[in-house]
$ cat data_1.csv   # CSV, C-alpha atoms and all ligand atoms
chain,number,residue,atom,x,y,z
E,210,MET,CA,15.9,61.5,-79.0
E,211,THR,CA,17.1,61.4,-75.4
E,212,ALA,CA,20.0,63.7,-74.5
E,213,THR,CA,23.2,61.8,-73.7
E,214,LEU,CA,23.6,61.3,-70.0
E,215,PRO,CA,27.0,61.4,-68.3
E,216,GLY,CA,26.9,57.9,-66.7
E,217,LYS,CA,27.3,54.4,-67.8
E,218,VAL,CA,25.5,51.4,-66.3
E,219,TYR,CA,27.3,48.1,-66.0
E,220,LEU,CA,25.1,45.0,-65.7
E,221,VAL,CA,27.5,43.0,-63.5
E,222,GLY,CA,27.3,39.3,-62.6
E,223,ALA,CA,28.1,38.8,-58.9
E,224,GLY,CA,28.6,35.0,-59.3
E,225,PRO,CA,26.8,32.4,-57.2
E,226,GLY,CA,27.8,33.6,-53.7
E,227,ASP,CA,31.4,32.7,-53.0
E,228,PRO,CA,33.1,36.1,-53.3
E,229,ASP,CA,36.2,34.4,-54.7
E,230,LEU,CA,34.1,33.6,-57.8
E,231,LEU,CA,33.7,37.3,-58.7
E,232,THR,CA,35.4,38.2,-61.9
E,233,LEU,CA,38.3,40.7,-61.8
E,234,LYS,CA,36.2,43.1,-63.8
E,235,ALA,CA,33.3,42.8,-61.4
E,236,HIS,CA,35.7,43.4,-58.5
E,237,ARG,CA,37.2,46.5,-60.2
E,238,LEU,CA,33.8,48.0,-61.0
E,239,LEU,CA,32.4,47.4,-57.5
E,240,ARG,CA,35.5,49.2,-56.0
E,241,ARG,CA,35.0,52.3,-58.1
E,242,CYS,CA,31.3,52.6,-58.7
E,243,ASP,CA,29.2,55.7,-57.5
E,244,ALA,CA,26.0,53.7,-57.1
E,245,VAL,CA,25.0,50.1,-56.9
E,246,VAL,CA,21.6,48.6,-57.5
E,247,TYR,CA,21.3,45.0,-56.2
E,248,ASP,CA,18.7,42.4,-55.3
E,249,SER,CA,18.6,39.1,-53.4
E,250,LEU,CA,21.4,36.5,-53.7
E,251,VAL,CA,24.3,39.0,-53.3
E,252,PRO,CA,26.2,38.4,-50.0
E,253,ARG,CA,27.1,41.3,-47.8
E,254,GLU,CA,30.8,40.6,-48.3
E,255,VAL,CA,30.4,41.4,-52.0
E,256,LEU,CA,28.4,44.6,-51.3
E,257,ALA,CA,31.1,45.6,-48.8
E,258,LEU,CA,33.5,46.1,-51.8
E,259,VAL,CA,31.4,49.1,-52.8
E,260,PRO,CA,32.8,52.5,-51.5
E,261,ALA,CA,31.0,53.8,-48.4
E,262,THR,CA,30.2,56.9,-50.3
E,263,ALA,CA,28.3,55.1,-53.1
E,264,GLU,CA,24.5,55.2,-53.2
E,265,ARG,CA,22.9,51.8,-52.5
E,266,HIS,CA,19.5,50.7,-53.9
E,267,PHE,CA,17.9,47.4,-53.0
E,268,VAL,CA,15.4,46.2,-55.6
E,269,GLY,CA,14.8,42.6,-54.5
E,270,LYS,CA,12.2,41.0,-52.2
E,271,ARG,CA,12.0,41.8,-48.5
E,272,ARG,CA,10.1,39.7,-46.1
E,273,GLY,CA,6.4,40.7,-46.2
E,274,HIS,CA,6.9,42.9,-49.4
E,275,HIS,CA,6.7,42.3,-53.1
E,276,SER,CA,9.8,42.7,-55.1
E,277,VAL,CA,10.3,46.1,-56.8
E,278,PRO,CA,8.5,45.9,-60.2
E,279,GLN,CA,10.8,45.7,-63.2
E,280,PRO,CA,9.7,49.1,-64.6
E,281,SER,CA,10.7,50.9,-61.4
E,282,THR,CA,14.1,49.2,-61.4
E,283,ASN,CA,14.5,50.3,-65.0
E,284,ALA,CA,13.6,53.8,-64.1
E,285,VAL,CA,16.0,53.8,-61.1
E,286,LEU,CA,18.9,52.8,-63.4
E,287,VAL,CA,18.1,55.6,-65.9
E,288,GLU,CA,17.8,58.1,-63.1
E,289,LEU,CA,21.1,57.1,-61.5
E,290,ALA,CA,22.9,57.2,-64.8
E,291,GLY,CA,21.8,60.9,-65.1
E,292,ARG,CA,23.6,61.7,-61.8
E,293,HIS,CA,26.6,59.3,-61.6
E,294,ARG,CA,29.5,58.3,-63.8
E,295,CYS,CA,29.6,54.6,-62.9
E,296,VAL,CA,26.5,52.7,-61.9
E,297,VAL,CA,26.7,49.0,-61.1
E,298,ARG,CA,23.6,46.9,-61.5
E,299,LEU,CA,24.6,43.8,-59.6
E,300,LYS,CA,22.9,40.5,-60.2
E,301,GLY,CA,23.5,37.0,-58.8
E,302,GLY,CA,25.3,34.6,-61.1
E,303,ASP,CA,25.3,35.8,-64.7
E,304,PRO,CA,23.2,38.8,-65.6
E,305,PHE,CA,21.9,37.3,-68.9
E,306,LEU,CA,20.9,33.9,-67.5
E,307,PHE,CA,17.4,34.1,-66.0
E,308,GLY,CA,18.3,37.5,-64.5
E,309,ARG,CA,16.3,39.9,-66.7
E,310,GLY,CA,19.6,41.5,-67.7
E,311,GLY,CA,18.5,41.5,-71.3
E,312,GLU,CA,15.4,43.5,-70.4
E,313,GLU,CA,17.4,46.1,-68.5
E,314,ALA,CA,20.0,46.4,-71.2
E,315,ALA,CA,17.4,47.0,-73.8
E,316,HIS,CA,15.6,49.6,-71.7
E,317,LEU,CA,18.8,51.5,-71.0
E,318,ALA,CA,19.9,51.4,-74.7
E,319,ARG,CA,16.4,52.7,-75.7
E,320,HIS,CA,16.9,55.6,-73.3
E,321,GLY,CA,20.3,56.5,-74.7
E,322,VAL,CA,22.1,55.3,-71.6
E,323,PRO,CA,25.5,53.7,-72.2
E,324,VAL,CA,25.4,50.1,-70.9
E,325,GLU,CA,27.8,47.2,-70.8
E,326,VAL,CA,27.3,43.7,-69.6
E,327,VAL,CA,29.9,42.0,-67.4
E,328,PRO,CA,29.3,38.2,-67.5
E,329,GLY,CA,29.5,36.2,-64.2
E,330,VAL,CA,29.8,32.7,-63.0
E,331,THR,CA,26.4,31.2,-63.1
E,332,ALA,CA,24.9,29.1,-60.2
E,333,GLY,CA,23.9,26.4,-62.6
E,334,ILE,CA,27.5,25.5,-63.2
E,335,ALA,CA,29.1,26.6,-59.9
E,336,ALA,CA,26.6,24.9,-57.5
E,337,PRO,CA,27.0,21.4,-59.0
E,338,ALA,CA,30.8,22.0,-59.2
E,339,TYR,CA,30.9,22.6,-55.5
E,340,LEU,CA,29.6,19.0,-55.2
E,341,GLY,CA,32.2,17.9,-57.7
E,342,ILE,CA,29.6,17.4,-60.5
E,343,PRO,CA,30.6,18.4,-64.0
E,344,VAL,CA,27.6,19.7,-65.9
E,345,THR,CA,28.8,18.0,-69.1
E,346,HIS,CA,30.9,14.8,-69.4
E,347,ARG,CA,31.9,12.9,-72.5
E,348,ARG,CA,30.5,9.7,-70.9
E,349,ALA,CA,27.2,11.5,-70.1
E,350,GLY,CA,26.1,12.6,-73.5
E,351,SER,CA,26.7,15.8,-75.4
E,352,SER,CA,24.0,18.3,-74.5
E,353,VAL,CA,22.9,20.1,-71.4
E,354,THR,CA,19.9,22.5,-71.1
E,355,PHE,CA,19.6,25.4,-68.7
E,356,VAL,CA,15.9,25.7,-67.9
E,357,THR,CA,13.7,27.5,-65.4
E,358,GLY,CA,11.3,25.6,-63.3
E,359,HIS,CA,9.4,28.7,-62.4
E,360,GLU,CA,7.3,30.3,-65.1
E,361,GLU,CA,5.0,33.2,-65.0
E,362,ILE,CA,1.5,32.0,-65.7
E,363,ASP,CA,0.7,35.0,-68.0
E,364,LYS,CA,3.9,34.6,-70.0
E,365,ALA,CA,3.2,34.9,-73.7
E,366,ARG,CA,5.3,31.9,-74.7
E,367,PRO,CA,4.1,28.3,-73.8
E,368,SER,CA,5.4,26.7,-70.7
E,369,VAL,CA,8.5,24.4,-70.6
E,370,ASP,CA,7.9,21.2,-72.5
E,371,TRP,CA,9.4,18.8,-69.9
E,372,ARG,CA,8.5,15.7,-71.9
E,373,GLY,CA,10.2,17.1,-74.9
E,374,LEU,CA,13.3,17.9,-72.9
E,375,ALA,CA,13.4,14.4,-71.5
E,376,ARG,CA,13.9,13.2,-75.1
E,377,SER,CA,16.1,16.0,-76.5
E,378,SER,CA,18.6,16.9,-73.8
E,379,ASP,CA,21.2,14.6,-72.2
E,380,GLY,CA,21.4,16.7,-69.1
E,381,LEU,CA,19.3,19.3,-67.4
E,382,VAL,CA,20.2,22.2,-65.1
E,383,ILE,CA,17.1,23.6,-63.5
E,384,TYR,CA,16.9,27.0,-61.9
E,385,MET,CA,14.0,27.9,-59.6
E,386,GLY,CA,12.8,24.4,-59.8
E,387,LEU,CA,12.1,23.4,-56.1
E,388,HIS,CA,8.6,24.6,-55.9
E,389,ASN,CA,7.4,22.6,-59.0
E,390,LEU,CA,9.9,19.7,-58.5
E,391,ALA,CA,7.4,16.9,-58.0
E,392,HIS,CA,5.6,17.9,-61.2
E,393,ILE,CA,8.8,18.4,-63.2
E,394,CYS,CA,10.1,14.9,-62.2
E,395,GLU,CA,6.8,13.3,-63.1
E,396,GLU,CA,6.7,15.0,-66.5
E,397,LEU,CA,10.3,14.0,-67.3
E,398,ILE,CA,9.5,10.4,-66.4
E,399,ALA,CA,6.3,10.6,-68.5
E,400,GLY,CA,8.5,11.9,-71.3
E,401,GLY,CA,10.7,8.8,-71.2
E,402,LEU,CA,13.4,9.5,-68.7
E,403,ASP,CA,14.3,6.4,-66.6
E,404,PRO,CA,13.2,7.0,-62.9
E,405,ALA,CA,16.7,5.7,-62.0
E,406,THR,CA,18.4,8.6,-63.8
E,407,PRO,CA,20.8,10.2,-61.3
E,408,ALA,CA,19.9,13.6,-60.0
E,409,ALA,CA,21.0,16.2,-57.4
E,410,ALA,CA,19.7,19.4,-55.8
E,411,VAL,CA,22.0,22.0,-54.3
E,412,GLN,CA,20.7,24.7,-52.0
E,413,GLN,CA,22.8,27.8,-51.5
E,414,GLY,CA,25.7,26.5,-53.6
E,415,THR,CA,29.2,27.9,-52.9
E,416,VAL,CA,28.3,29.5,-49.6
E,417,ARG,CA,27.9,28.5,-45.9
E,418,GLY,CA,24.3,27.3,-46.2
E,419,GLN,CA,25.2,24.8,-48.9
E,420,ARG,CA,23.3,21.6,-48.6
E,421,SER,CA,22.5,19.0,-51.1
E,422,VAL,CA,20.6,15.8,-51.9
E,423,ILE,CA,21.7,13.2,-54.5
E,424,ALA,CA,18.9,10.8,-55.5
E,425,GLU,CA,17.4,9.0,-58.4
E,426,LEU,CA,14.9,11.0,-60.4
E,427,GLY,CA,12.0,9.0,-59.2
E,428,GLY,CA,12.7,9.7,-55.6
E,429,LEU,CA,14.2,13.2,-55.9
E,430,ALA,CA,11.2,15.3,-55.0
E,431,ARG,CA,10.6,13.2,-51.9
E,432,GLU,CA,14.2,13.3,-50.8
E,433,VAL,CA,14.4,17.1,-51.3
E,434,ARG,CA,11.2,17.5,-49.2
E,435,LEU,CA,12.6,15.2,-46.4
E,436,ALA,CA,15.9,17.1,-46.3
E,437,GLU,CA,13.9,20.4,-46.3
E,438,LEU,CA,16.0,22.0,-49.0
E,439,ALA,CA,15.0,25.5,-49.7
E,440,SER,CA,15.5,28.3,-52.2
E,441,PRO,CA,17.9,29.2,-53.8
E,442,ALA,CA,18.6,25.8,-55.3
E,443,ILE,CA,19.8,24.2,-58.5
E,444,VAL,CA,18.6,20.8,-59.7
E,445,VAL,CA,20.8,18.7,-62.0
E,446,ILE,CA,19.4,15.7,-63.8
E,447,GLY,CA,21.3,13.3,-66.0
E,448,GLU,CA,24.2,10.9,-66.2
E,449,MET,CA,26.7,13.6,-65.4
E,450,VAL,CA,25.7,13.3,-61.8
E,451,ASN,CA,27.3,9.9,-61.8
E,452,GLN,CA,30.5,11.4,-63.0
E,453,ARG,CA,30.8,13.3,-59.7
E,454,VAL,CA,34.3,13.6,-58.3
E,455,PRO,CA,33.8,14.7,-54.6
E,456,ALA,CA,37.6,15.2,-54.2
E,457,CYS,CA,37.5,18.2,-56.5
E,458,ALA,CA,34.7,20.0,-54.7
E,459,PRO,CA,35.8,23.3,-53.1
E,460,GLU,CA,34.9,24.2,-49.5
E,461,PRO,CA,31.9,26.5,-49.5
E,462,ALA,CA,32.8,30.1,-48.6
E,463,ALA,CA,32.1,31.2,-45.1
E,464,VAL,CA,29.6,33.9,-46.1
E,465,GLU,CA,25.9,34.1,-45.7
E,466,MET,CA,23.5,34.2,-48.6
E,467,PRO,CA,20.6,36.6,-48.1
E,468,ILE,CA,17.6,34.3,-48.7
E,469,PRO,CA,14.9,35.5,-51.1
E,470,LEU,CA,11.3,34.6,-50.6
E,471,ARG,CA,10.4,32.8,-53.7
E,472,LEU,CA,10.9,29.0,-53.6
E,473,GLY,CA,13.3,27.7,-56.2
H,501,LIG,N1,21.4,34.9,-62.9
H,501,LIG,C1,21.5,33.8,-62.0
H,501,LIG,C2,20.2,33.1,-61.8
H,501,LIG,C3,19.0,33.9,-61.3
H,501,LIG,S1,17.5,33.0,-61.1
H,501,LIG,C4,22.6,32.9,-62.3
H,501,LIG,O1,23.2,33.0,-63.4
H,501,LIG,O2,23.0,32.1,-61.4
H,501,LIG,C5,17.6,32.6,-59.4
H,501,LIG,C6,17.8,31.2,-59.2
H,501,LIG,O3,19.2,30.9,-59.4
H,501,LIG,C7,17.5,30.6,-57.9
H,501,LIG,O4,16.2,30.4,-57.7
H,501,LIG,C8,18.3,29.3,-57.9
H,501,LIG,O5,17.6,28.4,-58.7
H,501,LIG,C9,19.5,29.8,-58.6
H,501,LIG,N2,20.6,30.1,-57.7
H,501,LIG,C10,21.2,31.3,-57.6
H,501,LIG,N3,22.2,31.3,-56.7
H,501,LIG,C11,22.3,30.1,-56.3
H,501,LIG,C12,23.1,29.4,-55.3
H,501,LIG,N4,24.1,30.0,-54.7
H,501,LIG,N5,22.9,28.1,-55.1
H,501,LIG,C13,21.9,27.4,-55.7
H,501,LIG,N6,21.1,28.0,-56.6
H,501,LIG,C14,21.3,29.3,-56.9
$ encode --input "data_1.csv" --output "structure tokens"
Amino acid sequence: MTATLPGKVYLVGAGPGDPDLLTLKAHRLLRRCDAVVYDSLVPREVLALVPATAERHFVGKRRGHHSVPQPSTNAVLVELAGRHRCVVRLKGGDPFLFGRGGEEAAHLARHGVPVEVVPGVTAGIAAPAYLGIPVTHRRAGSSVTFVTGHEEIDKARPSVDWRGLARSSDGLVIYMGLHNLAHICEELIAGGLDPATPAAAVQQGTVRGQRSVIAELGGLAREVRLAELASPAIVVIGEMVNQRVPACAPEPAAVEMPIPLRLG
């Protein structure tokens, strides 16, 4: 049995980039934390909310280096909770959506460290919204799937069944999908999706570097390549793209997104 440590770790969603999309709770915790552990996809303007006296730990990818392995991030969190009252583990978007927040929460709980999750606005909803695309629409079916286009080869579970998804989900929101985009689109078409299905890709949604491509599924990979879209990007596929209302799209925030190395 681990002795109770003084501190608590908050797994905080930083939102997709635009600092105005931080939740009030995230804002309040950032302003009062004693330590922050963050990775790529968190703009400087968000980190600037953290008190100057707080400890800062970067655990993402730096150019020419690998990212910090998950076990060492877990260890850093346990160690910081032993020395500080309020530790913020800041993650892009929502911490429980493709963010390993679940693994970190479980690790902390196992070690007797109090932990609380603070949900955030996920890029998969916000990036399309900044183009005016609703991820669901009554006229565009009744289901949407959040899916990762990047899977670890050695993962225990089987890889994404794209052909199955083509049949079972009305809309798709793909995270980390740029690298495998040509393959993904081919599989979806092989699974029965019409090559004329509307689709979009949004790079750096909600911030200054926001760029996008809207194309039919059959030509999407090519258009994305020609436009040289890069990570981080969200791909949306389905009739909801045709329900786009450009007039409702916000201006991207005038902040820079630190660019991670992995394509996606
Ligand atoms: N937890 C995050 C997702 C982390 S996975 C969330 O809820 O948003 C990282 C992937 O998220 C990136 O490869 C990209 O696909 C997507 N992503 C994150 N921020 C983004 C942004 N501002 N614009 C477009 N895609 C983004």
$ closest_residue --input "data_1.csv" --among "E:Glu325, E:Asp303, E:Asp229, E:Glu465" --to "ligand LIG 501 (chain H)" --atoms "all atoms listed in the file"
E:Asp303
$ residues_near_ligand --input "data_1.csv" --ligand "ligand LIG 501 (chain H)" --cutoff "6 Å" --atoms "only C-alpha atoms and all ligand atoms" --output "compact mmCIF listing (two decimals) with C-alpha atoms, in the coordinates of the input"
# COMPACT_ATOMS: atom_id res chain seq x y z
CA PRO E 225 26.80 32.40 -57.20
CA GLY E 226 27.80 33.60 -53.70
CA GLY E 301 23.50 37.00 -58.80
CA GLY E 302 25.30 34.60 -61.10
CA ASP E 303 25.30 35.80 -64.70
CA PRO E 304 23.20 38.80 -65.60
CA LEU E 306 20.90 33.90 -67.50
CA PHE E 307 17.40 34.10 -66.00
CA GLY E 308 18.30 37.50 -64.50
CA THR E 331 26.40 31.20 -63.10
CA ALA E 332 24.90 29.10 -60.20
CA GLY E 333 23.90 26.40 -62.60
CA ALA E 336 26.60 24.90 -57.50
CA TYR E 384 16.90 27.00 -61.90
CA MET E 385 14.00 27.90 -59.60
CA VAL E 411 22.00 22.00 -54.30
CA GLN E 412 20.70 24.70 -52.00
CA GLN E 413 22.80 27.80 -51.50
CA GLY E 414 25.70 26.50 -53.60
CA THR E 415 29.20 27.90 -52.90
CA SER E 440 15.50 28.30 -52.20
CA PRO E 441 17.90 29.20 -53.80
CA ALA E 442 18.60 25.80 -55.30
CA ILE E 443 19.80 24.20 -58.50
CA GLY E 473 13.30 27.70 -56.20
$ atom_distance --input "data_1.csv" --atom1 "CA of Gly447 (chain E)" --atom2 "CA of His346 (chain E)"
10.3 Å
$ closest_residue --input "data_1.csv" --among "E:Leu381, E:Cys295, E:Ile334, E:Val246" --to "Thr354 (chain E)" --atoms "only C-alpha atoms"
E:Leu381
$ residues_around --input "data_1.csv" --residues "Ala424 (chain E)" --least-positions-apart "4" --cutoff "8 Å" --atoms "all atoms listed in the file" --output "ChimeraX atom specification"
/E:407-409,428-429,432
